[in-house]
$ cat my_file_37.csv   # CSV, C-alpha atoms
chain,number,residue,atom,x,y,z
A,45,MET,CA,-15.0,-44.0,-57.1
A,46,THR,CA,-18.1,-42.2,-58.3
A,47,GLY,CA,-20.4,-45.0,-59.6
A,48,ARG,CA,-19.5,-44.0,-63.1
A,49,THR,CA,-17.3,-45.9,-65.5
A,50,VAL,CA,-13.7,-45.3,-64.8
A,51,VAL,CA,-12.4,-44.3,-68.3
A,52,GLY,CA,-8.8,-45.1,-69.0
A,53,PRO,CA,-6.3,-47.4,-67.4
A,54,THR,CA,-6.0,-47.7,-63.6
A,55,ALA,CA,-2.8,-47.2,-61.6
A,56,GLY,CA,-1.9,-50.9,-62.0
A,57,GLY,CA,-1.9,-50.7,-65.8
A,58,GLY,CA,1.8,-50.4,-66.5
A,59,LEU,CA,3.8,-52.2,-69.2
A,60,ASP,CA,4.9,-55.7,-68.4
A,61,ALA,CA,7.0,-58.3,-70.1
A,62,SER,CA,3.9,-60.4,-70.8
A,63,PRO,CA,0.4,-59.1,-71.6
A,64,SER,CA,-1.8,-58.6,-68.6
A,65,ILE,CA,-5.4,-59.9,-68.4
A,66,ARG,CA,-7.6,-56.8,-69.0
A,67,VAL,CA,-10.5,-56.8,-66.7
A,68,VAL,CA,-13.7,-54.7,-66.4
A,69,VAL,CA,-15.5,-54.8,-63.1
A,70,ALA,CA,-19.2,-54.1,-63.2
A,71,ASP,CA,-21.4,-53.8,-60.1
A,72,ASP,CA,-23.8,-51.1,-59.0
A,73,GLN,CA,-22.5,-51.2,-55.4
A,74,GLU,CA,-19.5,-48.9,-55.3
A,75,LEU,CA,-17.8,-50.5,-52.3
A,76,VAL,CA,-18.2,-54.0,-53.7
A,77,ARG,CA,-17.0,-52.9,-57.2
A,78,GLY,CA,-14.0,-51.1,-55.7
A,79,GLY,CA,-13.1,-54.0,-53.5
A,80,PHE,CA,-13.0,-56.5,-56.3
A,81,ALA,CA,-11.1,-54.1,-58.5
A,82,MET,CA,-8.5,-53.5,-55.8
A,83,ILE,CA,-8.0,-57.2,-55.2
A,84,LEU,CA,-7.6,-58.0,-58.9
A,85,ASP,CA,-5.5,-54.9,-59.8
A,86,ALA,CA,-3.0,-55.9,-57.1
A,87,GLN,CA,-2.1,-59.0,-59.2
A,88,PRO,CA,1.0,-58.7,-61.4
A,89,ASP,CA,-0.8,-60.4,-64.4
A,90,ILE,CA,-4.2,-58.6,-64.1
A,91,ASP,CA,-5.0,-55.0,-65.1
A,92,VAL,CA,-8.4,-53.6,-64.1
A,93,VAL,CA,-8.9,-51.2,-67.0
A,94,ALA,CA,-12.3,-49.9,-66.1
A,95,GLU,CA,-15.2,-50.1,-63.7
A,96,ALA,CA,-18.9,-49.8,-64.5
A,97,ALA,CA,-22.1,-49.3,-62.4
A,98,ASP,CA,-24.6,-50.9,-64.8
A,99,GLY,CA,-24.8,-53.0,-67.9
A,100,VAL,CA,-24.7,-50.2,-70.4
A,101,GLN,CA,-21.5,-48.8,-68.9
A,102,ALA,CA,-20.0,-52.4,-68.8
A,103,ILE,CA,-20.6,-52.9,-72.5
A,104,ALA,CA,-19.1,-49.6,-73.4
A,105,ALA,CA,-16.0,-50.3,-71.2
A,106,VAL,CA,-15.5,-53.7,-72.7
A,107,ARG,CA,-15.5,-52.3,-76.2
A,108,GLU,CA,-13.4,-49.3,-75.4
A,109,HIS,CA,-10.7,-51.2,-73.6
A,110,GLU,CA,-10.9,-54.5,-75.5
A,111,ALA,CA,-11.2,-56.3,-72.2
A,112,ASP,CA,-10.4,-60.0,-71.8
A,113,VAL,CA,-12.7,-60.6,-68.9
A,114,LEU,CA,-15.8,-58.9,-67.6
A,115,LEU,CA,-16.6,-59.4,-64.0
A,116,LEU,CA,-20.4,-58.8,-64.1
A,117,ASP,CA,-23.0,-58.4,-61.4
A,118,ILE,CA,-26.2,-60.2,-62.4
A,119,ARG,CA,-28.5,-57.6,-61.0
A,120,MET,CA,-27.9,-54.0,-61.9
A,121,PRO,CA,-30.0,-50.9,-62.9
A,122,ARG,CA,-30.7,-49.7,-66.4
A,123,MET,CA,-29.4,-52.9,-68.0
A,124,ASP,CA,-28.9,-56.1,-65.9
A,125,GLY,CA,-26.1,-58.6,-66.2
A,126,ILE,CA,-28.1,-61.0,-68.4
A,127,GLU,CA,-28.7,-58.6,-71.2
A,128,ALA,CA,-25.2,-57.2,-70.9
A,129,ALA,CA,-23.7,-60.7,-71.1
A,130,LYS,CA,-25.7,-61.5,-74.2
A,131,ILE,CA,-24.4,-58.4,-76.0
A,132,VAL,CA,-20.8,-58.8,-74.8
A,133,CYS,CA,-20.6,-62.5,-75.7
A,134,ALA,CA,-22.2,-62.1,-79.1
A,135,GLU,CA,-20.3,-59.0,-80.2
A,136,THR,CA,-16.8,-59.3,-78.6
A,137,GLY,CA,-14.2,-61.9,-77.6
A,138,CYS,CA,-14.5,-60.9,-73.9
A,139,ARG,CA,-15.2,-63.7,-71.4
A,140,VAL,CA,-17.9,-63.0,-68.9
A,141,LEU,CA,-17.7,-64.0,-65.2
A,142,MET,CA,-21.0,-63.5,-63.4
A,143,LEU,CA,-21.4,-62.5,-59.8
A,144,THR,CA,-24.4,-63.0,-57.6
A,145,THR,CA,-25.3,-62.7,-53.9
A,146,PHE,CA,-27.3,-66.0,-53.7
A,147,ASP,CA,-26.4,-69.5,-54.9
A,148,HIS,CA,-30.1,-70.1,-55.6
A,149,ASP,CA,-30.3,-67.2,-58.0
A,150,ASP,CA,-33.2,-67.8,-60.5
A,151,TYR,CA,-31.2,-66.3,-63.3
A,152,ILE,CA,-28.3,-68.8,-63.2
A,153,TYR,CA,-29.5,-70.7,-66.3
A,154,ASP,CA,-30.2,-67.5,-68.2
A,155,ALA,CA,-26.8,-66.2,-67.5
A,156,LEU,CA,-25.0,-69.3,-68.7
A,157,ARG,CA,-27.3,-69.5,-71.7
A,158,ALA,CA,-26.3,-65.9,-72.5
A,159,GLY,CA,-22.7,-67.0,-72.9
A,160,ALA,CA,-21.2,-66.5,-69.4
A,161,SER,CA,-18.1,-68.7,-68.8
A,162,GLY,CA,-18.3,-68.7,-65.1
A,163,PHE,CA,-20.4,-68.0,-62.0
A,164,LEU,CA,-19.3,-66.9,-58.6
A,165,LEU,CA,-20.9,-65.9,-55.3
A,166,LYS,CA,-20.1,-62.4,-54.1
A,167,ASP,CA,-18.6,-63.8,-50.9
A,168,VAL,CA,-16.0,-65.6,-52.9
A,169,ARG,CA,-12.6,-65.8,-51.2
A,170,ARG,CA,-9.8,-63.5,-52.5
A,171,ASP,CA,-7.7,-66.3,-54.0
A,172,ASP,CA,-10.6,-68.0,-55.6
A,173,LEU,CA,-11.7,-64.7,-57.3
A,174,VAL,CA,-8.2,-64.2,-58.7
A,175,ASN,CA,-8.0,-67.8,-59.9
A,176,ALA,CA,-11.4,-67.6,-61.5
A,177,VAL,CA,-10.4,-64.6,-63.6
A,178,ARG,CA,-7.3,-66.4,-64.7
A,179,VAL,CA,-9.2,-69.6,-65.6
A,180,VAL,CA,-11.8,-67.8,-67.6
A,181,ALA,CA,-9.2,-65.7,-69.4
A,182,GLU,CA,-7.5,-68.8,-70.6
A,183,GLY,CA,-10.7,-70.0,-72.3
A,184,GLU,CA,-11.9,-72.4,-69.7
A,185,SER,CA,-15.2,-72.4,-67.8
A,186,LEU,CA,-15.7,-72.2,-64.1
A,187,LEU,CA,-18.8,-73.1,-62.0
A,188,ALA,CA,-19.1,-73.4,-58.3
A,189,PRO,CA,-20.5,-76.9,-57.3
A,190,THR,CA,-23.8,-75.3,-56.0
A,191,VAL,CA,-24.2,-73.6,-59.4
A,192,THR,CA,-23.6,-76.8,-61.3
A,193,ARG,CA,-26.2,-78.6,-59.2
A,194,ARG,CA,-28.8,-75.9,-59.9
A,195,LEU,CA,-28.0,-76.0,-63.6
A,196,ILE,CA,-28.6,-79.8,-63.7
A,197,SER,CA,-31.8,-79.3,-61.7
A,198,GLU,CA,-33.0,-76.8,-64.2
A,199,PHE,CA,-32.7,-79.4,-67.0
A,200,THR,CA,-34.3,-82.1,-64.8
A,201,SER,CA,-37.4,-79.9,-64.3
A,202,ARG,CA,-37.9,-79.4,-68.1
A,203,PRO,CA,-39.6,-81.8,-70.5
A,204,THR,CA,-37.2,-84.3,-72.0
A,205,ALA,CA,-35.7,-82.8,-75.2
A,206,ARG,CA,-36.3,-84.6,-78.4
A,207,PRO,CA,-33.1,-85.5,-80.3
A,208,THR,CA,-32.3,-83.2,-83.2
A,209,GLY,CA,-29.9,-83.3,-86.1
A,210,ALA,CA,-27.9,-80.4,-84.7
A,211,LEU,CA,-25.1,-82.8,-83.7
A,212,ASP,CA,-24.8,-84.6,-87.0
A,213,VAL,CA,-21.6,-82.6,-87.8
A,214,LEU,CA,-19.8,-84.5,-85.0
A,215,THR,CA,-17.9,-87.7,-85.4
A,216,ALA,CA,-18.8,-90.6,-83.1
A,217,ARG,CA,-15.9,-89.9,-80.9
A,218,GLU,CA,-16.8,-86.2,-80.6
A,219,ARG,CA,-20.3,-87.1,-79.7
A,220,GLU,CA,-19.1,-89.5,-77.0
A,221,THR,CA,-16.8,-86.7,-75.7
A,222,LEU,CA,-19.7,-84.3,-75.6
A,223,GLN,CA,-21.7,-86.8,-73.5
A,224,LEU,CA,-18.9,-87.2,-71.0
A,225,ILE,CA,-18.4,-83.4,-70.8
A,226,ALA,CA,-22.2,-83.1,-70.0
A,227,ARG,CA,-21.7,-85.6,-67.1
A,228,GLY,CA,-19.1,-83.3,-65.6
A,229,LEU,CA,-16.0,-85.3,-66.4
A,230,SER,CA,-12.6,-83.6,-66.7
A,231,ASN,CA,-10.3,-84.2,-69.7
A,232,ALA,CA,-8.3,-86.7,-67.7
A,233,GLU,CA,-11.4,-88.6,-66.7
A,234,ILE,CA,-12.7,-88.6,-70.3
A,235,ALA,CA,-9.4,-89.9,-71.5
A,236,GLN,CA,-9.6,-92.8,-69.0
A,237,ALA,CA,-13.2,-93.5,-70.0
A,238,MET,CA,-12.4,-93.5,-73.7
A,239,VAL,CA,-9.0,-95.2,-73.3
A,240,VAL,CA,-7.2,-92.5,-75.2
A,241,SER,CA,-4.6,-89.8,-74.4
A,242,GLU,CA,-5.6,-86.6,-72.7
A,243,HIS,CA,-4.1,-84.8,-75.8
A,244,THR,CA,-6.6,-86.7,-78.0
A,245,VAL,CA,-9.5,-85.6,-75.7
A,246,LYS,CA,-8.4,-82.0,-75.9
A,247,THR,CA,-8.4,-82.3,-79.7
A,248,HIS,CA,-12.0,-83.8,-79.6
A,249,VAL,CA,-13.2,-81.0,-77.3
A,250,SER,CA,-11.6,-78.3,-79.5
A,251,ASN,CA,-13.1,-79.8,-82.7
A,252,LEU,CA,-16.7,-80.2,-81.3
A,253,LEU,CA,-16.7,-76.7,-79.9
A,254,ALA,CA,-15.6,-75.3,-83.2
A,255,LYS,CA,-18.1,-77.4,-85.2
A,256,LEU,CA,-21.0,-76.4,-83.0
A,257,GLY,CA,-20.0,-72.8,-82.7
A,258,LEU,CA,-19.7,-73.0,-78.9
A,259,ARG,CA,-17.6,-70.8,-76.6
A,260,ASP,CA,-16.6,-73.3,-73.9
A,261,ARG,CA,-17.6,-76.4,-71.9
A,262,VAL,CA,-20.5,-74.7,-70.2
A,263,GLN,CA,-22.1,-74.1,-73.6
A,264,ALA,CA,-21.3,-77.6,-74.5
A,265,VAL,CA,-23.2,-79.0,-71.5
A,266,ILE,CA,-26.2,-76.9,-72.3
A,267,THR,CA,-26.2,-78.0,-75.9
A,268,ALA,CA,-25.9,-81.7,-74.9
A,269,TYR,CA,-29.0,-81.4,-72.8
A,270,GLU,CA,-31.0,-79.2,-75.2
A,271,SER,CA,-30.3,-81.4,-78.2
A,272,GLY,CA,-31.4,-84.6,-76.3
A,273,LEU,CA,-28.0,-86.2,-76.5
A,274,THR,CA,-27.9,-86.3,-72.7
A,275,VAL,CA,-30.9,-86.9,-70.5
A,276,PRO,CA,-31.0,-85.6,-66.9
A,277,GLY,CA,-30.4,-88.4,-64.4
A,278,ALA,CA,-28.9,-90.7,-66.9
$ encode --input "my_file_37.csv" --output "structure tokens"
Amino acid sequence: MTGRTVVGPTAGGGLDASPSIRVVVADDQELVRGGFAMILDAQPDIDVVAEAADGVQAIAAVREHEADVLLLDIRMPRMDGIEAAKIVCAETGCRVLMLTTFDHDDYIYDALRAGASGFLLKDVRRDDLVNAVRVVAEGESLLAPTVTRRLISEFTSRPTARPTGALDVLTARERETLQLIARGLSNAEIAQAMVVSEHTVKTHVSNLLAKLGLRDRVQAVITAYESGLTVPGA
């Protein structure tokens, strides 16, 4: 490990019966970066295709290797994780999983607003790290409870948003689904609240994300608050 992007597949990148999850690990601390890469690359369904020491290298690696998931440190030299996440989320189909040392990081909201699909602390357990990469790769979002509380706190501290017409494209049931997502309910809980099947809820979620041009449930929560559909504390 040299602190430079590792170009080309790593030793774990052999052919497999099913496609592996292609991961880029970006952190300016070589030991941290190497540790995460080693843990992930040891999994049969995960292939760490590159490492990066800053945001510029991370973006280049994602593009070159067509990565599925970018494990991205929020604080790095030359270009930090926030700016890198904005570019990766806007220009590629790669999912971004942010890393930070502190659960009170002031940049949590900005990272999620940039398009990140998940947020983990650097002291995350081995199994939780692996699970997080798999969850995010499947198109789901993942937030630690402490991060969720801080996100809601961020909205609570802001002036109440005025309702806009941004959600007019949604049906009544889709709007209701969005409100329940913003309250933190799972698909099963939403199905129970709306007295419909879980399959119907999944359809509503898929439709509202597509209509609003959102990547995942994290972005849906942010949109619900920013549009005034959901009020903090309600």
$ atom_distance --input "my_file_37.csv" --atom1 "CA of Val168 (chain A)" --atom2 "CA of Tyr269 (chain A)"
28.5 Å
$ closest_residue --input "my_file_37.csv" --among "A:Asp117, A:Asp91, A:Asp71, A:Glu270" --to "Val177 (chain A)" --atoms "only C-alpha atoms"
A:Asp91
$ closest_residue --input "my_file_37.csv" --among "A:Asp212, A:Glu127, A:Glu74, A:Glu220" --to "Tyr151 (chain A)" --atoms "all atoms listed in the file"
A:Glu127
$ atom_distance --input "my_file_37.csv" --atom1 "CA of Gly137 (chain A)" --atom2 "CA of Glu110 (chain A)"
8.4 Å
$ atom_distance --input "my_file_37.csv" --atom1 "CA of Leu84 (chain A)" --atom2 "CA of Leu115 (chain A)"
10.4 Å
